[in-house]
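**Q** Handing you this structure, nothing more for now.
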Amino acid sequence: MAAETQGTGYERLGGKRLTLADVIAQSVGFIGPVFSAAFLIPLIAGFSASGKGAGIATPFAVILGAIGVFALGWIIAQYAKRVHAAGSLYDYVSMGLGDGVGAVAGWVYYGGTTVLASAIAVLVGWFWHDAILRDTFGIEDPLLNPLLWSLIFVGARFVVLYLGIQISTRVQLTLALISAAVVLAFSINVILNAPENSVRAFNPAEAPDLSGLLFGVLYGVLIFVGFETAANLAEETANPKRSIPRAVLLSVAIVTAYYVIAAYSQIAGFGFQEEVLLDPAVASAPLFALGSPGAVGGYGGSSDFMLKLLEIVVLLDVMAVGLGCSTASSRGVFAMARDRRIPRPLASVSRGRGTPIGSLLFVEGWSVLMVFAAEYWDGLFALPETPHQFALFAWLSTFGGFVLMGVYGLMSLGAFRGLRDHANQAGVWITGLLGLALSIGAVFGGIYKQTNPFSLVWLYALIWAVLGIVVTFAVRGRERASEVLVDLRE
């Protein structure tokens, strides 16, 4: 397509080439189910700042959390049938709460996804250099340190996204499928060889108490963050009215099944002993503990081959997440710049490929900035006895997830007005209330009893939102592209 639509002055992305599989790959790739299964299941069980969780009933808490996420997904699916613009949640909140609130929500949301993209960039270099090359394989790399490996990843991600969105989604699909298949097969093997298998894991009575179960659900919601990002690719999808709603809901269903198996394998693999799963030595990386050789209590057989393989596939999934974050961010920043809510140059599009080059440079530029901060600003969100790259990744990813949950809440609140003409009003009210309650609960979980520096996440999120309000009042903007361009709306 032309860089701009004739007579309108609204920049346009490339042609509509993406299929259902492509947009599912975007959502699943952003979620990062392998990474979450590798590190975050203990959070749901109770290894958190609050000290509360679902315990043995963690798989049940995952299912409850998925029901809430499905409610959010249903709302998004209804909006996606009506609007096919790259801005997705920015447009959805605008439809429900007005352009001003929508612009602030877009500022907050795409700021969050951009921060998440930078968090992955920081993590990849450290994970590959320190955790895999040095600690696992004993390879000392005198030439490339974590900083340079992270910069290589950022550069490669930029090239993939510049070459075209279809290449990006196919790379995500490949990385996600390889990593998910390996971890799924291993999880099933753990279940088959576990000392005990029982339906206890699906009995809410096995949770320490009701509050523990609820906290487990709130933390469980966080492992689904990004499920909605397929909607950012609507402008580049061949049949967005059909494919985007399906992609959002199918992604939730697919990932839910995966998480339930992964969570149960960890509960069963550790013999239904909550204290073992929550032991700091295990809870920091339960998948790797299970993948250790049998001689040290794992299910990896007689050698450390399985452990090494699991570490590599987790890295592959992390890279898929990074690609998904950058894809979603670049499309959202482009959409807001196209509507002149943020500087116009961020809406520039490469004429040959239809790539949002301005927003892509911004997103990757922020990642480069955070990579250098991880290397040279040791005091930035540092944690005691923790490599600074990992500490910074943890803080940035916590911030990103926190602000996204806040925007989910705004979208749910706005659904009562934005979908007021929907034929299924009962569905709108049920999903709206459920999505709103879940978002508020998740935001609360991100604040309650958090320790420094995570206790400051809410404050930085508030500052970012206030800055967005100031920008929205200062910059008039123009009518949203989704209201002007016929092919971006039903």
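Identifiers in the structure tokens: chain A, B, ... in order shown; residue index from 1 per chain; ligand index from 1 in order shown.
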For Leu173 (chain A), please output as a PyMOL selection string all residues within 10 Å (counting only C-alpha atoms; exclusion window: fewer than 6 positions along the same chain).
**A** chain A and resi 21-26+28-29+167+317+320
**Q** Name the residues in contact with Met306 (chain A) at a cut-off of 9 Å, using only C-alpha atoms, excluding same-chain residues fewer than 6 positions from it; report them as a ChimeraX atom specification.
**A** /A:186,288,291-293,299-300
**Q** Counting only C-alpha atoms, which residues in region 221-313 of chain A sit no more than 10 Å from region 396-402 of chain A? For each one, give the nearest pair of atoms and the distance in Å, sorted by chain then residue number, as JSON lines.
**A**
```
{"residue": "A:Leu222", "atom": "CA", "partner": "A:Gly401", "partner_atom": "CA", "distance": 6.9}
{"residue": "A:Ile223", "atom": "CA", "partner": "A:Gly401", "partner_atom": "CA", "distance": 9.2}
{"residue": "A:Phe224", "atom": "CA", "partner": "A:Gly401", "partner_atom": "CA", "distance": 9.7}
{"residue": "A:Val225", "atom": "CA", "partner": "A:Gly401", "partner_atom": "CA", "distance": 6.6}
{"residue": "A:Gly226", "atom": "CA", "partner": "A:Gly401", "partner_atom": "CA", "distance": 8.8}
```
**Q** Just checking: using only C-alpha atoms, which residue out of A:Leu459, A:Ala231, A:Leu392, A:Phe215 ends up closest to Arg82 (chain A)?
**A**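 Distance minimum relative to Arg82 (chain A) lands on A:Ala231.
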**Q** So, counting only C-alpha atoms, which residue among A:Gly73, A:Pro286, A:Pro33, A:Pro245 is closest to Phe47 (chain A)?
**A**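 Nearest candidate to Phe47 (chain A) out of A:Gly73, A:Pro286, A:Pro33, A:Pro245: A:Pro286.
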**Q** Find the residues around Ala382 (chain A) up to 9 Å (only C-alpha atoms counted), leave out those fewer than 6 positions away in its own chain, and share them as number ranges by chain.
**A** A: 388-389, 391-392, 395, 453
**Q** Restricting it to N, CA and C atoms, dump the selection as a CSV table (one decimal), in the first residue's frame.
**A**
```
chain,number,residue,atom,x,y,z
A,388,HIS,N,22.8,-7.4,38.0
A,388,HIS,CA,22.0,-6.2,37.7
A,388,HIS,C,21.2,-6.3,36.5
A,389,GLN,N,21.6,-7.1,35.5
A,389,GLN,CA,20.8,-7.3,34.3
A,389,GLN,C,19.5,-8.0,34.7
A,391,ALA,N,18.1,-8.1,37.7
A,391,ALA,CA,17.3,-7.2,38.6
A,391,ALA,C,16.5,-6.1,37.8
A,392,LEU,N,17.2,-5.6,36.8
A,392,LEU,CA,16.6,-4.5,36.0
A,392,LEU,C,15.5,-5.2,35.1
A,395,TRP,N,12.4,-5.6,37.3
A,395,TRP,CA,11.7,-4.4,37.6
A,395,TRP,C,10.9,-3.9,36.4
A,453,PRO,N,12.9,-2.7,45.2
A,453,PRO,CA,12.4,-1.5,44.5
A,453,PRO,C,11.0,-1.7,43.9
```
**Q** Can you tell me, as a ChimeraX atom specification, what residues are no more than 12 Å from Val255 (chain A) when counting only C-alpha atoms, ignoring any on the same chain fewer than 5 positions away?
**A** /A:24-25,27-34,36-37,62-63,65-66,69-70,176,180,184,221,223-227,247-250,260-263
**Q** Just to be explicit: take each residue in the selection above, keep N, CA, C and O atoms, and write the result as a short mmCIF file (atom, residue, chain, number, x, y, z; two decimals), in the first residue's frame.
**A**
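selection-v5.cif written:
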```
data_model
loop_
_atom_site.label_atom_id
_atom_site.label_comp_id
_atom_site.auth_asym_id
_atom_site.auth_seq_id
_atom_site.Cartn_x
_atom_site.Cartn_y
_atom_site.Cartn_z
N ILE A 24 -2.25 -15.55 15.87
CA ILE A 24 -2.15 -16.38 17.08
C ILE A 24 -0.70 -16.40 17.56
O ILE A 24 -0.43 -16.32 18.76
N ALA A 25 0.24 -16.51 16.61
CA ALA A 25 1.65 -16.52 16.97
C ALA A 25 2.03 -15.24 17.70
O ALA A 25 2.85 -15.26 18.63
N SER A 27 0.06 -13.30 19.68
CA SER A 27 -0.44 -13.33 21.06
C SER A 27 0.31 -14.34 21.92
O SER A 27 0.74 -14.03 23.03
N VAL A 28 0.46 -15.55 21.40
CA VAL A 28 1.14 -16.59 22.18
C VAL A 28 2.61 -16.23 22.37
O VAL A 28 3.19 -16.44 23.45
N GLY A 29 3.23 -15.66 21.33
CA GLY A 29 4.62 -15.27 21.44
C GLY A 29 4.83 -14.20 22.50
O GLY A 29 5.78 -14.27 23.29
N PHE A 30 3.93 -13.23 22.59
CA PHE A 30 4.03 -12.18 23.59
C PHE A 30 3.84 -12.76 24.99
O PHE A 30 4.55 -12.38 25.94
N ILE A 31 2.88 -13.65 25.15
CA ILE A 31 2.62 -14.24 26.47
C ILE A 31 3.85 -14.95 27.02
O ILE A 31 4.18 -14.84 28.20
N GLY A 32 4.53 -15.71 26.16
CA GLY A 32 5.71 -16.45 26.60
C GLY A 32 5.38 -17.57 27.57
O GLY A 32 5.87 -17.58 28.70
N PRO A 33 4.56 -18.54 27.17
CA PRO A 33 4.13 -19.59 28.10
C PRO A 33 5.27 -20.43 28.64
O PRO A 33 5.20 -20.89 29.78
N VAL A 34 6.32 -20.65 27.86
CA VAL A 34 7.44 -21.47 28.34
C VAL A 34 8.20 -20.73 29.44
O VAL A 34 8.53 -21.31 30.48
N SER A 36 7.02 -18.40 31.41
CA SER A 36 6.16 -18.35 32.60
C SER A 36 6.13 -19.69 33.32
O SER A 36 6.17 -19.75 34.55
N ALA A 37 6.04 -20.76 32.53
CA ALA A 37 6.04 -22.10 33.14
C ALA A 37 7.37 -22.39 33.83
O ALA A 37 7.41 -23.09 34.86
N VAL A 62 -4.99 -21.43 38.30
CA VAL A 62 -4.72 -21.08 36.91
C VAL A 62 -6.00 -21.11 36.09
O VAL A 62 -6.27 -20.21 35.28
N ILE A 63 -6.84 -22.11 36.32
CA ILE A 63 -8.10 -22.22 35.59
C ILE A 63 -9.02 -21.05 35.93
O ILE A 63 -9.65 -20.45 35.03
N GLY A 65 -8.13 -18.07 37.00
CA GLY A 65 -7.56 -16.89 36.38
C GLY A 65 -7.84 -16.83 34.89
O GLY A 65 -8.13 -15.78 34.34
N ALA A 66 -7.79 -17.99 34.25
CA ALA A 66 -8.04 -18.06 32.81
C ALA A 66 -9.48 -17.68 32.48
O ALA A 66 -9.74 -17.06 31.43
N VAL A 69 -9.50 -13.98 32.41
CA VAL A 69 -8.81 -13.51 31.21
C VAL A 69 -9.69 -13.73 29.98
O VAL A 69 -9.72 -12.89 29.07
N PHE A 70 -10.41 -14.84 29.96
CA PHE A 70 -11.32 -15.11 28.84
C PHE A 70 -12.41 -14.03 28.76
O PHE A 70 -12.83 -13.65 27.67
N ALA A 176 8.36 -20.22 19.35
CA ALA A 176 7.39 -20.65 20.36
C ALA A 176 7.06 -22.13 20.24
O ALA A 176 6.95 -22.83 21.26
N ALA A 180 7.87 -24.67 23.20
CA ALA A 180 6.68 -25.21 23.86
C ALA A 180 6.61 -26.72 23.72
O ALA A 180 6.22 -27.43 24.66
N LEU A 184 6.51 -29.08 26.91
CA LEU A 184 5.28 -29.87 27.07
C LEU A 184 5.60 -31.35 27.18
O LEU A 184 5.07 -32.05 28.06
N VAL A 221 -3.26 -14.38 36.75
CA VAL A 221 -3.66 -13.54 35.62
C VAL A 221 -2.44 -12.95 34.92
O VAL A 221 -2.42 -12.78 33.69
N ILE A 223 0.34 -14.16 34.17
CA ILE A 223 1.03 -15.01 33.20
C ILE A 223 0.34 -15.02 31.84
O ILE A 223 0.85 -15.62 30.90
N PHE A 224 -0.81 -14.33 31.76
CA PHE A 224 -1.52 -14.23 30.48
C PHE A 224 -1.31 -12.87 29.80
O PHE A 224 -1.83 -12.64 28.70
N VAL A 225 -0.58 -11.98 30.44
CA VAL A 225 -0.41 -10.63 29.89
C VAL A 225 0.12 -10.69 28.46
O VAL A 225 1.08 -11.40 28.17
N GLY A 226 -0.54 -9.97 27.58
CA GLY A 226 -0.16 -9.94 26.17
C GLY A 226 -1.05 -10.75 25.27
O GLY A 226 -0.89 -10.72 24.04
N PHE A 227 -2.04 -11.44 25.86
CA PHE A 227 -2.92 -12.29 25.05
C PHE A 227 -3.67 -11.50 23.99
O PHE A 227 -4.08 -12.04 22.95
N ALA A 247 -8.23 -15.29 17.16
CA ALA A 247 -6.85 -15.40 17.64
C ALA A 247 -6.76 -15.07 19.13
O ALA A 247 -6.07 -15.76 19.89
N VAL A 248 -7.46 -14.03 19.56
CA VAL A 248 -7.42 -13.63 20.96
C VAL A 248 -7.97 -14.74 21.85
O VAL A 248 -7.36 -15.14 22.85
N LEU A 249 -9.14 -15.27 21.51
CA LEU A 249 -9.77 -16.28 22.35
C LEU A 249 -9.06 -17.63 22.25
O LEU A 249 -8.91 -18.34 23.26
N LEU A 250 -8.61 -17.99 21.06
CA LEU A 250 -7.88 -19.25 20.92
C LEU A 250 -6.55 -19.20 21.67
O LEU A 250 -6.12 -20.21 22.25
N VAL A 260 -1.99 -25.32 32.64
CA VAL A 260 -2.54 -26.32 33.56
C VAL A 260 -1.64 -27.55 33.61
O VAL A 260 -1.33 -28.08 34.69
N ILE A 261 -1.18 -28.00 32.45
CA ILE A 261 -0.27 -29.16 32.40
C ILE A 261 1.04 -28.83 33.09
O ILE A 261 1.56 -29.61 33.89
N ALA A 262 1.59 -27.64 32.79
CA ALA A 262 2.87 -27.25 33.38
C ALA A 262 2.76 -27.10 34.90
O ALA A 262 3.64 -27.56 35.65
N ALA A 263 1.67 -26.47 35.36
CA ALA A 263 1.49 -26.28 36.80
C ALA A 263 1.31 -27.62 37.51
O ALA A 263 1.90 -27.86 38.57
#
```
**Q** How would you write, as a ChimeraX atom specification, the set of residues in region 368-411 of chain A that DSSP gives as alpha helix (DSSP H)?
**A** /A:368-376,388-411
**Q** Given the choices A:Leu456, A:Leu419, A:Ala207, A:Ala337, which gets closest to Tyr110 (chain A) if the distance is worked out from only C-alpha atoms?
**A**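 Answer, going by the shortest atom-to-atom distance: A:Ala337.
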**Q** Between CA of Val475 (chain A) and CA of Gly102 (chain A), what is the distance, to one decimal in Å?
**A**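 Atom-to-atom, CA of Val475 (chain A) to CA of Gly102 (chain A), that is 13.6 Å.
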**Q** I want to know what sits within 10 Å of Arg200 (chain A), based on only C-alpha atoms, with residues of the same chain fewer than 5 positions away left out; could you give that as a PyMOL selection string?
**A** chain A and resi 56-57+59-60+205-207+267-268+272
**Q** Residues as selected, N, CA and C atoms, written as a compact mmCIF listing (two decimals), in the first residue's frame, can you do that?
**A**
```
# COMPACT_ATOMS: atom_id res chain seq x y z
N ILE A 56 -1.05 -26.20 46.83
CA ILE A 56 -1.26 -27.39 46.02
C ILE A 56 -2.34 -27.17 44.96
N ALA A 57 -3.25 -26.23 45.21
CA ALA A 57 -4.35 -25.96 44.28
C ALA A 57 -3.95 -24.98 43.17
N PRO A 59 -2.93 -25.42 40.01
CA PRO A 59 -3.59 -25.62 38.71
C PRO A 59 -5.04 -25.14 38.70
N PHE A 60 -5.74 -25.30 39.83
CA PHE A 60 -7.11 -24.80 39.92
C PHE A 60 -7.13 -23.28 39.84
N ALA A 205 -10.17 -26.74 48.02
CA ALA A 205 -9.96 -26.95 49.45
C ALA A 205 -8.49 -27.21 49.78
N GLU A 206 -7.69 -27.54 48.77
CA GLU A 206 -6.27 -27.78 48.99
C GLU A 206 -5.46 -26.49 49.12
N ALA A 207 -6.08 -25.35 48.78
CA ALA A 207 -5.41 -24.06 48.99
C ALA A 207 -5.30 -23.80 50.48
N ILE A 267 3.55 -29.45 40.55
CA ILE A 267 2.95 -29.91 41.82
C ILE A 267 3.20 -31.40 42.01
N ALA A 268 2.92 -32.19 40.96
CA ALA A 268 3.12 -33.64 41.06
C ALA A 268 4.60 -33.99 41.10
N PHE A 272 3.60 -33.26 45.54
CA PHE A 272 2.52 -32.56 46.24
C PHE A 272 3.00 -31.98 47.57
```
**Q** Figure out the distance between CA of Ala415 (chain A) and CA of Gly432 (chain A), please, to one decimal in Å.
**A**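 Computing it gives 6.2 Å between the two atoms.
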**Q** Given only C-alpha atoms, how would the per-residue table for region 375-418 of chain A near region 128-152 of chain A read, listing every residue at most 10 Å away with its closest atom pair and distance in Å to one decimal, sorted by chain and number, as CSV?
**A**
```
residue,atom,partner,partner_atom,distance
A:Glu375,CA,A:Leu147,CA,6.4
A:Tyr376,CA,A:Leu147,CA,9.7
A:Pro387,CA,A:Asp130,CA,9.5
A:Gln389,CA,A:Pro146,CA,8.5
```
**Q** Tell me, as a VMD selection string, which residues lie within 12 Å of Ala45 (chain A), counting only C-alpha atoms; anything in the same chain fewer than 5 positions away does not count.
**A** chain A and resid 39 to 40 50 to 62 201 206 to 209 212 to 220 263 to 264 266 to 267 272 to 279 283 286
**Q** Might you pull out every residue within 10 Å of Pro240 (chain A), with only C-alpha atoms counted and same-chain residues fewer than 2 positions away left off, and present them as a PyMOL selection string?
**A** chain A and resi 16+18-20+23+80-85+230-231+233-238+242-247+488
**Q** Can you write just those residues out, N, CA, C and O atoms, as an mmCIF file, in the first residue's frame?
**A**
```cif
data_model
loop_
_atom_site.group_PDB
_atom_site.id
_atom_site.type_symbol
_atom_site.label_atom_id
_atom_site.label_comp_id
_atom_site.auth_asym_id
_atom_site.auth_seq_id
_atom_site.Cartn_x
_atom_site.Cartn_y
_atom_site.Cartn_z
ATOM 1 N N LYS A 16 -2.377 -6.435 3.620
ATOM 2 C CA LYS A 16 -3.054 -7.373 4.513
ATOM 3 C C LYS A 16 -2.679 -8.806 4.132
ATOM 4 O O LYS A 16 -3.368 -9.456 3.349
ATOM 5 N N LEU A 18 -1.430 -11.232 6.682
ATOM 6 C CA LEU A 18 -1.362 -12.153 7.811
ATOM 7 C C LEU A 18 -2.575 -13.065 7.890
ATOM 8 O O LEU A 18 -3.707 -12.676 7.575
ATOM 9 N N THR A 19 -2.321 -14.284 8.341
ATOM 10 C CA THR A 19 -3.374 -15.290 8.494
ATOM 11 C C THR A 19 -3.709 -15.475 9.974
ATOM 12 O O THR A 19 -3.087 -14.876 10.856
ATOM 13 N N LEU A 20 -4.662 -16.346 10.242
ATOM 14 C CA LEU A 20 -5.029 -16.657 11.624
ATOM 15 C C LEU A 20 -3.831 -17.193 12.394
ATOM 16 O O LEU A 20 -3.600 -16.815 13.549
ATOM 17 N N VAL A 23 -1.474 -14.317 13.524
ATOM 18 C CA VAL A 23 -1.896 -13.460 14.639
ATOM 19 C C VAL A 23 -1.982 -14.246 15.952
ATOM 20 O O VAL A 23 -1.786 -13.678 17.036
ATOM 21 N N ALA A 80 -12.819 -5.986 18.401
ATOM 22 C CA ALA A 80 -12.017 -6.322 17.218
ATOM 23 C C ALA A 80 -12.880 -6.596 15.996
ATOM 24 O O ALA A 80 -12.396 -6.504 14.865
ATOM 25 N N LYS A 81 -14.141 -6.951 16.208
ATOM 26 C CA LYS A 81 -15.054 -7.136 15.083
ATOM 27 C C LYS A 81 -15.458 -5.801 14.465
ATOM 28 O O LYS A 81 -15.923 -5.754 13.329
ATOM 29 N N ARG A 82 -15.288 -4.733 15.236
ATOM 30 C CA ARG A 82 -15.741 -3.416 14.791
ATOM 31 C C ARG A 82 -14.601 -2.517 14.317
ATOM 32 O O ARG A 82 -14.812 -1.657 13.467
ATOM 33 N N VAL A 83 -13.419 -2.676 14.910
ATOM 34 C CA VAL A 83 -12.285 -1.807 14.601
ATOM 35 C C VAL A 83 -11.100 -2.666 14.196
ATOM 36 O O VAL A 83 -10.780 -3.646 14.875
ATOM 37 N N HIS A 84 -10.447 -2.305 13.111
ATOM 38 C CA HIS A 84 -9.322 -3.091 12.587
ATOM 39 C C HIS A 84 -8.066 -2.242 12.468
ATOM 40 O O HIS A 84 -7.292 -2.373 11.522
ATOM 41 N N ALA A 85 -7.845 -1.354 13.443
ATOM 42 C CA ALA A 85 -6.701 -0.451 13.424
ATOM 43 C C ALA A 85 -5.571 -0.995 14.286
ATOM 44 O O ALA A 85 -5.787 -1.811 15.186
ATOM 45 N N ALA A 230 -2.624 -9.698 19.473
ATOM 46 C CA ALA A 230 -2.962 -10.015 18.084
ATOM 47 C C ALA A 230 -3.734 -8.865 17.450
ATOM 48 O O ALA A 230 -3.620 -8.607 16.238
ATOM 49 N N ALA A 231 -4.513 -8.146 18.271
ATOM 50 C CA ALA A 231 -5.337 -7.049 17.751
ATOM 51 C C ALA A 231 -4.494 -5.933 17.151
ATOM 52 O O ALA A 231 -4.978 -5.176 16.303
ATOM 53 N N LEU A 233 -2.269 -6.238 15.080
ATOM 54 C CA LEU A 233 -1.931 -6.598 13.702
ATOM 55 C C LEU A 233 -3.143 -6.578 12.778
ATOM 56 O O LEU A 233 -3.080 -7.062 11.648
ATOM 57 N N ALA A 234 -4.256 -6.017 13.255
ATOM 58 C CA ALA A 234 -5.496 -6.059 12.476
ATOM 59 C C ALA A 234 -5.347 -5.408 11.102
ATOM 60 O O ALA A 234 -5.886 -5.914 10.106
ATOM 61 N N GLU A 235 -4.613 -4.295 11.020
ATOM 62 C CA GLU A 235 -4.461 -3.604 9.737
ATOM 63 C C GLU A 235 -3.704 -4.438 8.716
ATOM 64 O O GLU A 235 -3.830 -4.214 7.517
ATOM 65 N N GLU A 236 -2.910 -5.381 9.190
ATOM 66 C CA GLU A 236 -2.065 -6.167 8.301
ATOM 67 C C GLU A 236 -2.565 -7.601 8.152
ATOM 68 O O GLU A 236 -1.856 -8.462 7.645
ATOM 69 N N THR A 237 -3.802 -7.850 8.592
ATOM 70 C CA THR A 237 -4.396 -9.183 8.543
ATOM 71 C C THR A 237 -5.419 -9.270 7.425
ATOM 72 O O THR A 237 -6.217 -8.344 7.226
ATOM 73 N N ALA A 238 -5.417 -10.365 6.701
ATOM 74 C CA ALA A 238 -6.270 -10.516 5.518
ATOM 75 C C ALA A 238 -7.757 -10.434 5.848
ATOM 76 O O ALA A 238 -8.525 -9.808 5.133
ATOM 77 N N ARG A 242 -12.683 -11.587 11.265
ATOM 78 C CA ARG A 242 -12.819 -12.989 11.633
ATOM 79 C C ARG A 242 -11.589 -13.496 12.394
ATOM 80 O O ARG A 242 -11.712 -14.179 13.418
ATOM 81 N N SER A 243 -10.418 -13.148 11.920
ATOM 82 C CA SER A 243 -9.191 -13.739 12.466
ATOM 83 C C SER A 243 -8.790 -13.183 13.828
ATOM 84 O O SER A 243 -8.343 -13.942 14.699
ATOM 85 N N ILE A 244 -8.923 -11.864 14.044
ATOM 86 C CA ILE A 244 -8.450 -11.280 15.297
ATOM 87 C C ILE A 244 -9.259 -11.767 16.501
ATOM 88 O O ILE A 244 -8.671 -12.206 17.500
ATOM 89 N N PRO A 245 -10.598 -11.728 16.458
ATOM 90 C CA PRO A 245 -11.342 -12.257 17.608
ATOM 91 C C PRO A 245 -11.007 -13.723 17.892
ATOM 92 O O PRO A 245 -10.863 -14.122 19.055
ATOM 93 N N ARG A 246 -10.887 -14.511 16.852
ATOM 94 C CA ARG A 246 -10.552 -15.921 17.047
ATOM 95 C C ARG A 246 -9.152 -16.076 17.643
ATOM 96 O O ARG A 246 -8.939 -16.910 18.528
ATOM 97 N N ALA A 247 -8.228 -15.291 17.159
ATOM 98 C CA ALA A 247 -6.848 -15.396 17.644
ATOM 99 C C ALA A 247 -6.762 -15.073 19.128
ATOM 100 O O ALA A 247 -6.068 -15.763 19.888
ATOM 101 N N LEU A 488 -10.798 0.401 8.193
ATOM 102 C CA LEU A 488 -10.381 0.133 9.569
ATOM 103 C C LEU A 488 -11.557 0.008 10.517
ATOM 104 O O LEU A 488 -11.376 -0.113 11.727
#
```
**Q** Please tabulate, as JSON lines, the residues of region 272-339 of chain A that come within 9 Å of region 346-350 of chain A, each with its closest pair of atoms and the distance in Å to one decimal, counting only C-alpha atoms and ordering rows by chain, then residue number upward.
**A**
```
{"residue": "A:Val333", "atom": "CA", "partner": "A:Leu346", "partner_atom": "CA", "distance": 7.0}
{"residue": "A:Phe334", "atom": "CA", "partner": "A:Ala347", "partner_atom": "CA", "distance": 4.6}
{"residue": "A:Ala335", "atom": "CA", "partner": "A:Ala347", "partner_atom": "CA", "distance": 7.1}
{"residue": "A:Met336", "atom": "CA", "partner": "A:Ala347", "partner_atom": "CA", "distance": 7.9}
{"residue": "A:Ala337", "atom": "CA", "partner": "A:Ala347", "partner_atom": "CA", "distance": 5.0}
{"residue": "A:Arg338", "atom": "CA", "partner": "A:Ala347", "partner_atom": "CA", "distance": 5.2}
{"residue": "A:Asp339", "atom": "CA", "partner": "A:Ala347", "partner_atom": "CA", "distance": 8.8}
```
**Q** Would you export the selected residues with C-alpha atoms as a tab-separated table (two decimals), in the first residue's frame, please?
**A**
```
chain	number	residue	atom	x	y	z
A	333	VAL	CA	3.18	3.84	18.87
A	334	PHE	CA	2.62	4.17	15.11
A	335	ALA	CA	-1.16	4.36	15.58
A	336	MET	CA	-0.96	7.09	18.21
A	337	ALA	CA	1.51	9.10	16.12
A	338	ARG	CA	-0.72	8.72	13.08
A	339	ASP	CA	-3.52	10.31	15.11
```
